[in-house]
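Coordinates as given in data13.tsv (TSV, C-alpha atoms and all ligand atoms):
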chain	number	residue	atom	x	y	z
A	1	MET	CA	0.00	0.00	0.00
A	2	LYS	CA	1.01	3.60	-0.50
A	3	ILE	CA	1.07	5.33	2.86
A	4	LEU	CA	1.64	8.94	3.89
A	5	VAL	CA	2.88	9.27	7.49
A	6	SER	CA	2.69	12.78	8.94
A	7	GLY	CA	5.15	13.22	11.80
A	8	GLY	CA	7.27	10.29	10.57
A	9	ALA	CA	10.45	11.97	11.84
A	10	GLY	CA	9.08	11.93	15.37
A	11	PHE	CA	9.30	9.38	18.15
A	12	ILE	CA	6.19	7.26	17.49
A	13	GLY	CA	5.90	8.07	13.77
A	14	SER	CA	9.42	6.78	13.07
A	15	HIS	CA	8.64	3.41	14.67
A	16	ILE	CA	5.43	3.17	12.65
A	17	CYS	CA	7.35	3.88	9.41
A	18	GLU	CA	9.80	1.11	10.30
A	19	LYS	CA	6.93	-1.40	10.73
A	20	TYR	CA	5.24	-0.34	7.49
A	21	ILE	CA	8.46	-0.54	5.47
A	22	LYS	CA	9.35	-3.93	6.94
A	23	ALA	CA	5.90	-5.17	5.91
A	24	GLY	CA	6.63	-4.09	2.31
A	25	HIS	CA	4.62	-0.87	2.11
A	26	ASP	CA	5.62	2.24	0.17
A	27	VAL	CA	6.08	5.00	2.78
A	28	CYS	CA	6.27	8.75	2.34
A	29	ILE	CA	6.82	11.13	5.28
A	30	ILE	CA	5.89	14.75	5.82
A	31	ASP	CA	7.29	16.50	8.86
A	32	ASN	CA	8.35	20.07	9.65
A	33	LEU	CA	11.10	18.80	12.01
A	34	SER	CA	9.85	21.01	14.84
A	35	THR	CA	10.40	18.17	17.34
A	36	GLY	CA	11.22	15.37	14.88
A	37	LYS	CA	14.74	14.59	13.75
A	38	ILE	CA	16.30	13.87	10.39
A	39	GLU	CA	18.15	10.86	11.85
A	40	ASN	CA	14.79	9.27	12.77
A	41	ILE	CA	13.75	9.12	9.12
A	42	HIS	CA	13.89	5.63	7.69
A	43	PRO	CA	16.33	5.48	4.73
A	44	GLU	CA	13.74	3.71	2.55
A	45	ALA	CA	11.05	6.34	3.13
A	46	ARG	CA	10.66	9.37	0.90
A	47	PHE	CA	10.78	12.53	2.97
A	48	PHE	CA	9.25	15.97	2.38
A	49	GLU	CA	10.02	18.72	4.86
A	50	LEU	CA	6.55	20.24	4.99
A	51	ASP	CA	4.26	21.78	7.55
A	52	ILE	CA	0.88	20.03	7.67
A	53	ASN	CA	-0.69	23.47	7.27
A	54	SER	CA	0.99	24.22	3.95
A	55	ASP	CA	-0.66	24.26	0.52
A	56	GLN	CA	1.98	21.85	-0.78
A	57	VAL	CA	0.38	19.07	1.28
A	58	SER	CA	-2.57	18.98	-1.08
A	59	GLU	CA	-0.30	19.14	-4.16
A	60	LEU	CA	1.75	16.21	-2.88
A	61	MET	CA	-1.32	14.15	-2.04
A	62	MET	CA	-2.96	14.82	-5.43
A	63	GLN	CA	0.25	13.74	-7.17
A	64	GLU	CA	0.91	10.63	-5.14
A	65	LYS	CA	-2.64	9.29	-4.54
A	66	PHE	CA	-1.94	7.60	-1.22
A	67	ASP	CA	-4.16	4.73	-0.03
A	68	ILE	CA	-3.63	5.55	3.65
A	69	LEU	CA	-2.93	8.67	5.69
A	70	CYS	CA	-1.38	7.85	9.07
A	71	HIS	CA	-1.58	11.14	10.95
A	72	GLN	CA	0.93	11.35	13.81
A	73	ALA	CA	2.14	14.96	13.48
A	74	ALA	CA	0.98	17.24	16.27
A	75	GLN	CA	1.80	19.91	18.76
A	76	VAL	CA	2.40	17.34	21.52
A	77	ASP	CA	3.00	19.43	24.63
A	78	VAL	CA	0.00	19.73	26.97
A	79	ARG	CA	1.52	22.75	28.74
A	80	VAL	CA	2.09	24.60	25.47
A	81	SER	CA	-1.57	23.96	24.64
A	82	VAL	CA	-2.61	25.49	27.98
A	83	ASN	CA	-0.37	28.54	27.49
A	84	ASP	CA	-1.31	29.05	23.84
A	85	PRO	CA	-4.53	27.24	22.85
A	86	ARG	CA	-4.67	29.02	19.47
A	87	PHE	CA	-1.22	27.77	18.51
A	88	ASP	CA	-2.21	24.26	19.59
A	89	ALA	CA	-5.39	24.40	17.49
A	90	SER	CA	-3.55	25.82	14.48
A	91	THR	CA	-1.56	22.57	14.23
A	92	ASN	CA	-3.81	20.03	15.90
A	93	VAL	CA	-7.11	21.16	14.43
A	94	LEU	CA	-6.47	23.34	11.36
A	95	GLY	CA	-3.37	21.42	10.26
A	96	ALA	CA	-5.28	18.16	10.61
A	97	LEU	CA	-8.17	19.57	8.55
A	98	ASN	CA	-5.74	20.62	5.84
A	99	LEU	CA	-4.60	16.99	5.66
A	100	TYR	CA	-8.13	15.54	5.81
A	101	GLU	CA	-9.41	17.84	3.04
A	102	ALA	CA	-6.44	16.82	0.88
A	103	ALA	CA	-7.14	13.18	1.73
A	104	LEU	CA	-10.72	13.64	0.55
A	105	LYS	CA	-9.73	15.31	-2.71
A	106	SER	CA	-6.99	12.82	-3.50
A	107	GLY	CA	-8.97	9.64	-2.77
A	108	VAL	CA	-7.33	8.36	0.46
A	109	LYS	CA	-9.25	5.28	1.60
A	110	LYS	CA	-8.46	5.33	5.32
A	111	ILE	CA	-7.07	7.72	7.93
A	112	ILE	CA	-5.27	6.40	10.99
A	113	PHE	CA	-5.09	8.98	13.77
A	114	ALA	CA	-3.00	9.32	16.93
A	115	SER	CA	-5.48	10.25	19.66
A	116	SER	CA	-4.75	10.37	23.36
A	117	GLY	CA	-6.11	8.02	26.03
A	118	GLY	CA	-4.19	9.95	28.68
A	119	THR	CA	-6.03	13.23	28.10
A	120	ILE	CA	-9.33	12.56	26.29
A	121	TYR	CA	-11.15	11.08	29.31
A	122	GLY	CA	-10.10	13.80	31.77
A	123	ASP	CA	-10.26	12.84	35.47
A	124	GLN	CA	-11.46	9.27	35.32
A	125	ASP	CA	-14.65	8.02	36.97
A	126	TYR	CA	-13.39	4.45	36.93
A	127	PHE	CA	-10.14	2.57	36.29
A	128	PRO	CA	-9.10	1.45	33.76
A	129	ALA	CA	-11.16	3.64	31.39
A	130	ASP	CA	-12.71	1.84	28.44
A	131	GLU	CA	-13.76	3.59	25.22
A	132	GLN	CA	-17.26	4.21	26.68
A	133	HIS	CA	-15.89	6.34	29.52
A	134	PRO	CA	-17.17	9.98	29.45
A	135	LEU	CA	-14.95	12.32	27.42
A	136	ASN	CA	-14.01	15.36	29.50
A	137	PRO	CA	-10.56	16.49	28.33
A	138	CYS	CA	-9.11	19.16	30.65
A	139	SER	CA	-6.58	20.71	28.23
A	140	PRO	CA	-6.73	22.32	24.79
A	141	TYR	CA	-4.48	19.44	23.61
A	142	GLY	CA	-7.00	16.83	24.81
A	143	ILE	CA	-9.87	18.82	23.30
A	144	SER	CA	-8.03	18.90	19.94
A	145	LYS	CA	-7.75	15.09	19.99
A	146	LEU	CA	-11.49	14.76	20.67
A	147	ILE	CA	-12.34	17.20	17.88
A	148	ASN	CA	-10.22	15.17	15.46
A	149	GLU	CA	-12.15	12.04	16.32
A	150	LYS	CA	-15.42	13.91	15.62
A	151	TYR	CA	-14.12	15.22	12.28
A	152	LEU	CA	-13.01	11.73	11.31
A	153	TYR	CA	-16.51	10.48	12.07
A	154	TYR	CA	-17.84	13.21	9.76
A	155	TYR	CA	-15.42	12.28	6.95
A	156	LYS	CA	-16.47	8.65	7.26
A	157	TYR	CA	-20.23	9.10	7.36
A	158	ILE	CA	-20.54	11.94	4.88
A	159	HIS	CA	-17.63	11.18	2.55
A	160	GLY	CA	-16.91	7.47	3.08
A	161	ILE	CA	-13.27	7.74	4.22
A	162	ASP	CA	-12.72	5.00	6.78
A	163	PHE	CA	-10.81	5.79	9.97
A	164	VAL	CA	-9.07	4.28	12.95
A	165	ALA	CA	-8.36	6.47	15.99
A	166	PHE	CA	-5.97	5.05	18.54
A	167	ARG	CA	-6.16	6.56	22.00
A	168	TYR	CA	-2.58	5.98	23.11
A	169	ALA	CA	-1.67	5.74	26.79
A	170	ASN	CA	1.74	7.22	27.78
A	171	VAL	CA	4.09	5.94	25.12
A	172	TYR	CA	7.77	5.36	25.96
A	173	GLY	CA	10.77	3.77	24.29
A	174	PRO	CA	13.79	4.44	22.08
A	175	ARG	CA	13.92	7.82	20.27
A	176	GLN	CA	11.61	9.61	22.70
A	177	ASN	CA	12.71	13.22	23.11
A	178	PRO	CA	14.25	13.61	26.60
A	179	HIS	CA	14.08	17.40	26.42
A	180	GLY	CA	10.32	17.83	26.08
A	181	GLU	CA	7.80	18.29	28.87
A	182	ALA	CA	6.26	14.85	28.39
A	183	GLY	CA	8.01	11.54	28.63
A	184	VAL	CA	9.18	11.08	32.20
A	185	VAL	CA	10.97	7.85	31.23
A	186	ALA	CA	13.20	9.52	28.62
A	187	ILE	CA	13.78	12.57	30.83
A	188	PHE	CA	14.88	10.49	33.84
A	189	ILE	CA	17.12	8.18	31.78
A	190	ASP	CA	18.81	11.07	30.01
A	191	ARG	CA	19.50	12.90	33.26
A	192	MET	CA	20.64	9.80	35.13
A	193	LEU	CA	23.06	8.74	32.39
A	194	ASN	CA	24.45	12.27	32.18
A	195	GLU	CA	24.72	12.46	35.98
A	196	LYS	CA	22.33	15.36	36.31
A	197	GLN	CA	19.87	15.41	39.18
A	198	SER	CA	16.23	14.49	38.36
A	199	PHE	CA	13.37	15.72	40.46
A	200	ILE	CA	10.11	13.96	41.15
A	201	ASN	CA	7.21	16.40	41.12
A	202	GLY	CA	5.19	16.34	44.34
A	203	ASP	CA	4.85	13.05	46.22
A	204	GLY	CA	5.54	11.02	43.06
A	205	LYS	CA	2.32	9.06	43.43
A	206	ASN	CA	0.72	10.27	40.21
A	207	SER	CA	0.26	7.17	38.09
A	208	ARG	CA	-0.01	6.54	34.38
A	209	ASP	CA	-0.39	3.67	31.94
A	210	TYR	CA	2.92	3.20	30.07
A	211	VAL	CA	2.89	1.43	26.72
A	212	TYR	CA	6.02	0.50	24.77
A	213	VAL	CA	6.42	2.23	21.40
A	214	GLU	CA	6.83	-0.99	19.42
A	215	ASP	CA	3.45	-2.22	20.66
A	216	VAL	CA	1.96	1.07	19.49
A	217	ALA	CA	3.60	0.64	16.08
A	218	ASN	CA	2.18	-2.91	15.87
A	219	ALA	CA	-1.33	-1.50	16.39
A	220	ASN	CA	-0.75	0.95	13.53
A	221	LEU	CA	0.24	-1.98	11.31
A	222	LEU	CA	-2.93	-3.85	12.27
A	223	ALA	CA	-4.94	-0.74	11.42
A	224	LEU	CA	-4.10	-1.20	7.74
A	225	GLY	CA	-6.38	-4.26	7.63
A	226	GLU	CA	-9.56	-3.77	5.62
A	227	ASN	CA	-11.87	-4.85	8.45
A	228	VAL	CA	-10.18	-2.59	11.02
A	229	SER	CA	-12.10	0.58	11.76
A	230	GLY	CA	-13.17	2.69	14.75
A	231	ILE	CA	-11.81	3.95	18.04
A	232	TYR	CA	-9.52	1.88	20.23
A	233	ASN	CA	-7.52	2.41	23.41
A	234	ILE	CA	-3.86	1.40	23.11
A	235	GLY	CA	-2.57	0.85	26.61
A	236	THR	CA	-1.70	-1.86	29.11
A	237	SER	CA	-4.48	-1.55	31.75
A	238	VAL	CA	-1.67	-1.34	34.34
A	239	GLU	CA	-0.55	1.85	36.10
A	240	HIS	CA	2.81	2.78	37.57
A	241	ASP	CA	3.68	5.80	39.68
A	242	VAL	CA	6.60	8.17	39.19
A	243	ASN	CA	8.41	6.94	42.33
A	244	PHE	CA	8.48	3.39	40.94
A	245	ILE	CA	9.80	4.62	37.59
A	246	PHE	CA	12.48	6.71	39.25
A	247	GLN	CA	13.64	3.84	41.46
A	248	THR	CA	13.62	1.27	38.64
A	249	LEU	CA	15.50	3.52	36.24
A	250	ASN	CA	17.97	4.49	38.94
A	251	GLU	CA	18.79	0.79	39.42
A	252	LEU	CA	19.02	0.17	35.67
A	253	THR	CA	21.39	3.12	35.18
A	254	GLY	CA	23.72	2.35	38.07
A	255	GLY	CA	21.91	3.75	41.11
A	256	ARG	CA	23.72	7.03	41.60
A	257	SER	CA	20.75	9.45	41.80
A	258	PRO	CA	19.39	10.47	45.19
A	259	GLU	CA	15.58	10.59	45.23
A	260	LEU	CA	14.64	14.26	45.47
A	261	HIS	CA	11.16	15.74	45.22
A	262	ALA	CA	10.19	19.17	43.84
A	263	GLU	CA	6.95	21.08	44.17
A	264	ALA	CA	3.92	19.38	42.61
A	265	LYS	CA	2.80	20.78	39.24
A	266	THR	CA	-0.69	22.20	39.36
A	267	GLY	CA	-3.50	20.72	37.32
A	268	GLU	CA	-1.94	17.29	36.80
A	269	GLN	CA	-4.23	14.28	36.79
A	270	ARG	CA	-3.67	11.93	39.72
A	271	ARG	CA	-4.38	8.67	37.91
A	272	SER	CA	-4.76	7.65	34.30
A	273	VAL	CA	-5.05	4.08	33.06
A	274	ILE	CA	-6.94	2.71	30.07
A	275	SER	CA	-8.38	-0.67	29.11
A	276	TYR	CA	-7.24	-2.48	25.95
A	277	LYS	CA	-10.04	-5.08	26.14
A	278	LYS	CA	-11.85	-3.84	23.03
A	279	ILE	CA	-8.90	-4.12	20.63
A	280	ASN	CA	-7.83	-7.37	22.26
A	281	GLU	CA	-11.25	-8.98	21.79
A	282	GLN	CA	-11.86	-7.62	18.29
A	283	LEU	CA	-8.39	-7.73	16.75
A	284	GLY	CA	-6.19	-9.75	19.10
A	285	TRP	CA	-3.82	-6.83	19.85
A	286	GLN	CA	-2.13	-6.85	23.22
A	287	PRO	CA	0.92	-5.12	24.65
A	288	LYS	CA	3.75	-7.63	24.26
A	289	THR	CA	6.47	-5.74	26.13
A	290	ASP	CA	6.20	-5.71	29.91
A	291	PHE	CA	7.27	-2.53	31.66
A	292	LEU	CA	10.60	-3.77	33.03
A	293	THR	CA	11.69	-5.16	29.67
A	294	GLY	CA	10.62	-1.95	27.92
A	295	LEU	CA	12.47	0.21	30.43
A	296	SER	CA	15.67	-1.76	30.10
A	297	LYS	CA	15.49	-1.66	26.26
A	298	THR	CA	15.02	2.10	26.50
A	299	VAL	CA	17.98	2.47	28.88
A	300	ASP	CA	20.12	0.41	26.46
A	301	TYR	CA	19.13	2.70	23.60
A	302	PHE	CA	20.12	5.85	25.49
A	303	LYS	CA	23.38	4.22	26.70
A	304	ASN	CA	24.31	3.34	23.11
A	305	LYS	CA	23.67	6.91	22.06
A	306	LEU	CA	26.26	8.09	24.58
A	307	VAL	CA	29.08	5.94	23.14
B	1	LIG	N1	4.09	10.19	23.27
B	1	LIG	C1	2.93	9.92	23.87
B	1	LIG	O1	2.91	9.45	25.01
B	1	LIG	C2	1.63	10.17	23.15
B	1	LIG	C3	0.43	9.84	23.83
B	1	LIG	C4	-0.78	10.07	23.16
B	1	LIG	C5	-0.81	10.57	21.88
B	1	LIG	N2	0.36	10.90	21.26
B	1	LIG	C6	0.30	11.43	19.89
B	1	LIG	O2	1.15	10.66	19.07
B	1	LIG	C7	1.64	11.47	18.00
B	1	LIG	C8	3.16	11.37	17.92
B	1	LIG	O3	3.71	11.91	19.12
B	1	LIG	P1	5.23	11.70	19.56
B	1	LIG	O4	5.24	11.39	21.01
B	1	LIG	O5	5.91	10.78	18.62
B	1	LIG	O6	5.80	13.19	19.44
B	1	LIG	P2	6.95	13.78	18.50
B	1	LIG	O7	7.06	15.22	18.88
B	1	LIG	O8	8.17	12.95	18.58
B	1	LIG	O9	6.33	13.63	17.04
B	1	LIG	C9	5.52	14.60	16.43
B	1	LIG	C10	6.08	14.86	15.04
B	1	LIG	O10	5.23	15.78	14.36
B	1	LIG	C11	6.05	16.77	13.73
B	1	LIG	N3	5.25	18.00	13.61
B	1	LIG	C12	4.78	18.78	14.62
B	1	LIG	N4	4.09	19.82	14.12
B	1	LIG	C13	4.11	19.68	12.76
B	1	LIG	C14	3.57	20.44	11.70
B	1	LIG	N5	2.86	21.56	11.92
B	1	LIG	N6	3.80	20.02	10.43
B	1	LIG	C15	4.52	18.88	10.19
B	1	LIG	N7	5.05	18.14	11.16
B	1	LIG	C16	4.84	18.52	12.44
B	1	LIG	C17	7.25	16.92	14.63
B	1	LIG	O11	8.38	17.48	13.98
B	1	LIG	C18	7.49	15.48	15.06
B	1	LIG	O12	8.33	14.79	14.17
B	1	LIG	C19	1.12	12.89	18.27
B	1	LIG	O13	-0.05	13.08	17.51
B	1	LIG	C20	0.80	12.85	19.76
B	1	LIG	O14	-0.19	13.81	20.10
B	1	LIG	C21	1.59	10.71	21.86

Would you encode the structure as C-alpha cells?
Ligand SMILES: NC(=O)c1ccc[n+]([C@@H]2O[C@H](COP(=O)([O-])OP(=O)(O)OC[C@H]3O[C@@H](n4cnc5c(N)ncnc54)[C@H](O)[C@@H]3O)[C@@H](O)[C@H]2O)c1
Amino acid sequence: MKILVSGGAGFIGSHICEKYIKAGHDVCIIDNLSTGKIENIHPEARFFELDINSDQVSELMMQEKFDILCHQAAQVDVRVSVNDPRFDASTNVLGALNLYEAALKSGVKKIIFASSGGTIYGDQDYFPADEQHPLNPCSPYGISKLINEKYLYYYKYIHGIDFVAFRYANVYGPRQNPHGEAGVVAIFIDRMLNEKQSFINGDGKNSRDYVYVEDVANANLLALGENVSGIYNIGTSVEHDVNFIFQTLNELTGGRSPELHAEAKTGEQRRSVISYKKINEQLGWQPKTDFLTGLSKTVDYFKNKLV
C-alpha cells in the first residue's frame, strides 16, 4: 500500500514507518522537524520537509494518490496547549483539517489517527477507562484530539473515508525526546546517564499507563487491515507511579541518583489508566512488552547513544 505518514520523523511516527516498510509498504513522510529529527527518518522512506498546514500538502497528495494517511504529526506538549490554545489548534485542528481535506480530494481510503487516552477522558470516573468512559478532556491538547475524532466520524459518514483512531496511553521507548515536557521515562534516563539530578514532582504518586512504542507501532500496522475501523484504546491496563519509575531507572542506570522531590505541578491528573479489552477482543492486539523489559530496552538505547 502507498502510505503517507505525517510526523514520521518523530518518536512514534518513526517506529510506525519502520513497521510499514518492513511489511513491504511504500512510505512517504511529511514532517516540519519542529520536534522530529532527520536521523529518525527511515532510509527507505521518501521525505518531504513540509508543515501540515501548507498548501503543498494537497499538491503532494494529489500527485501521489496515497491509499492511507497515518496522521501522527501534532503539537504534543499539553503545557504549550494550555499557554497558547490558538497555537495548539492551528496545528492540531487546522493542520489536521488541511490533511483531511487533501485526503478527501486525492482519494485516500483510510485515515489512521494518533489520539490520546491519557487526556481525552479527563479525570477518570473508573479505572481502567474503556472507550465508553465519558470524554471530558481538561486541556486544549485533549480537546483537539477529541475534535479530530469527531471530524473523522464526519469524513467517514458523509464522505466514506474509513478511519481508525488510537487513543494511546503514555508511550515510551527508544527515540523519545528527553528534552520535552512529556516523557518522564526519557527525561529520567537522560538525566541519570548524564549524571544530572532528576526531580520527582510532588509526592511522586501520580500514576499513568505506560505502553512500549513498538506495541503502538504494531497497532498501527494492524490498522491497515480492511476490516479494522473505529476507536480503540492502546494501553496496558496497568498503572505505575513516578516513584516506581524513578527507582527502577535508577537501578538500571547504576543507582547514583538520590531521590529528590520538587513542588507538585498544578492541574496534573492523579491517575490515568486505560483498558485495551476492546482491541484485544476484536483484533487480538495486546501489549507484548512488559514494563521492566521496555524500560531496560530504553535504557540500552540511550546508553548506546552516549558511546
Ligand atoms: N508520546 C505519547 O505518550 C503520546 C500519547 C498520546 C498521543 N500521542 C500522539 O502521538 C503522535 C506522535 O507523538 P510523539 O510522542 O511521537 O511526538 P513527537 O514530537 O516525537 O512527534 C511529532 C512529530 O510531528 C512533527 N510535527 C509537529 N508539528 C508539525 C507540523 N505543523 N507540520 C509537520 N510536522 C509537524 C514533529 O516534527 C514530530 O516529528 C502525536 O499526535 C501525539 O499527540 C503521543

Pick out the residues sitting within 9 Å of range 279-283 of chain A, and hand them over as a PyMOL selection string; count all atoms listed in the file, and ignore anything fewer than 3 positions along from it in its own chain.
-> chain A and resi 222+228+231-234+276+286

Atoms to include: C-alpha atoms. Write the selected residues as a CSV table (one decimal), in the frame of the given file.
chain,number,residue,atom,x,y,z
A,222,LEU,CA,-2.9,-3.8,12.3
A,228,VAL,CA,-10.2,-2.6,11.0
A,231,ILE,CA,-11.8,4.0,18.0
A,232,TYR,CA,-9.5,1.9,20.2
A,233,ASN,CA,-7.5,2.4,23.4
A,234,ILE,CA,-3.9,1.4,23.1
A,276,TYR,CA,-7.2,-2.5,26.0
A,286,GLN,CA,-2.1,-6.8,23.2

By how many Å are CA of Ala165 in chain A and CA of Ile111 in chain A apart?
-> 8.3 Å

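The binding environment of ligand LIG 1 (chain B), defined as every protein, DNA or RNA residue with an atom no more than 6 Å away and counting all atoms listed in the file, comprises Gly7, Gly8, Ala9, Gly10, Phe11, Ile12, Gly13, Asp31, Asn32, Leu33, Ser34, Thr35, Gly36, Leu50, Asp51, Ile52, Gln72, Ala73, Ala74, Gln75, Val76, Thr91, Ala114, Ser115, Ser116, Tyr168, Ala169, Asn170 and Val171 of chain A.
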
Selection: 10 Å around Ser58 in chain A, only C-alpha atoms, excl. self and same-chain fewer than 6 positions, as a VMD selection string = chain A and resid 52 64 98 to 106

Report the closest atom pair, with its distance in Å rounded to one decimal, for each residue of range 119-199 of chain A that has an atom no farther than 9 Å from range 237-245 of chain A; count all atoms listed in the file, sort by chain and then rising residue number, and write it as CSV.
residue,atom,partner,partner_atom,distance
A:Phe127,CA,A:Ser237,CA,8.3
A:Pro128,CA,A:Ser237,CA,5.9
A:Ala129,CA,A:Ser237,CA,8.5
A:Val184,CA,A:Val242,CA,8.0
A:Val185,CA,A:Ile245,CA,7.2
A:Phe188,CA,A:Ile245,CA,8.6

May I ask which of the residues A:Pro137, A:Gly107, A:Gly230, A:Gly204 is the closest one to Glu149 in chain A, counting all atoms listed in the file?
-> A:Gly230

Name the closest residue to Lys19 in chain A among the candidates A:Asp84, A:Glu214, A:Asp209, A:Glu195; distances are taken between atoms, counting only C-alpha atoms.
->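 Closest to Lys19 in chain A, using only C-alpha atoms: A:Glu214.
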
Excluding range 266-269 of chain A and any residue of its chain fewer than 6 positions from it, enumerate the residues within 10 Å of it, using all atoms listed in the file, and give them as an MDAnalysis selection string.
-> chainID A and resid 118:119 122:124 138:139 201:202 206:208

Taking (-1.8, -0.5, 24.1) as a centre in this file's frame and 6 Å as the limit, can you find every polymer residue with an atom that close, using all atoms listed in the file, and give them as a PDB file with C-alpha atoms, in the frame of the given file?
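The resulting file, result.pdb, is reproduced below:
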ATOM      1  CA  VAL A 211       2.890   1.430  26.720  1.00  0.00           C
ATOM      2  CA  ILE A 234      -3.860   1.400  23.110  1.00  0.00           C
ATOM      3  CA  GLY A 235      -2.570   0.850  26.610  1.00  0.00           C
ATOM      4  CA  THR A 236      -1.700  -1.860  29.110  1.00  0.00           C
ATOM      5  CA  PRO A 287       0.920  -5.120  24.650  1.00  0.00           C
TER       6      PRO A 287
END

Tell me, in Å to one decimal, how far CA of Pro258 in chain A is from CA of Gln197 in chain A.
->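 Those two atoms sit 7.8 Å apart.
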
Just how far from CA of Gly180 in chain A is CA of Thr298 in chain A, in Å to one decimal?
-> 16.4 Å

Counting only C-alpha atoms, the option among A:Lys109, A:Gln56, A:Asn218, A:Leu146 closest to Lys2 in chain A =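 With only C-alpha atoms as the atom set, the closest residue is A:Lys109.
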
Identify, on the basis of only C-alpha atoms, every residue whose closest approach to Lys150 in chain A does not exceed 12 Å; exclude the query and any residue fewer than 5 positions from it along the same chain; express the result as an MDAnalysis selection string.
-> chainID A and resid 93 97 113 115 135 143:145 155:157 163:165 230:231
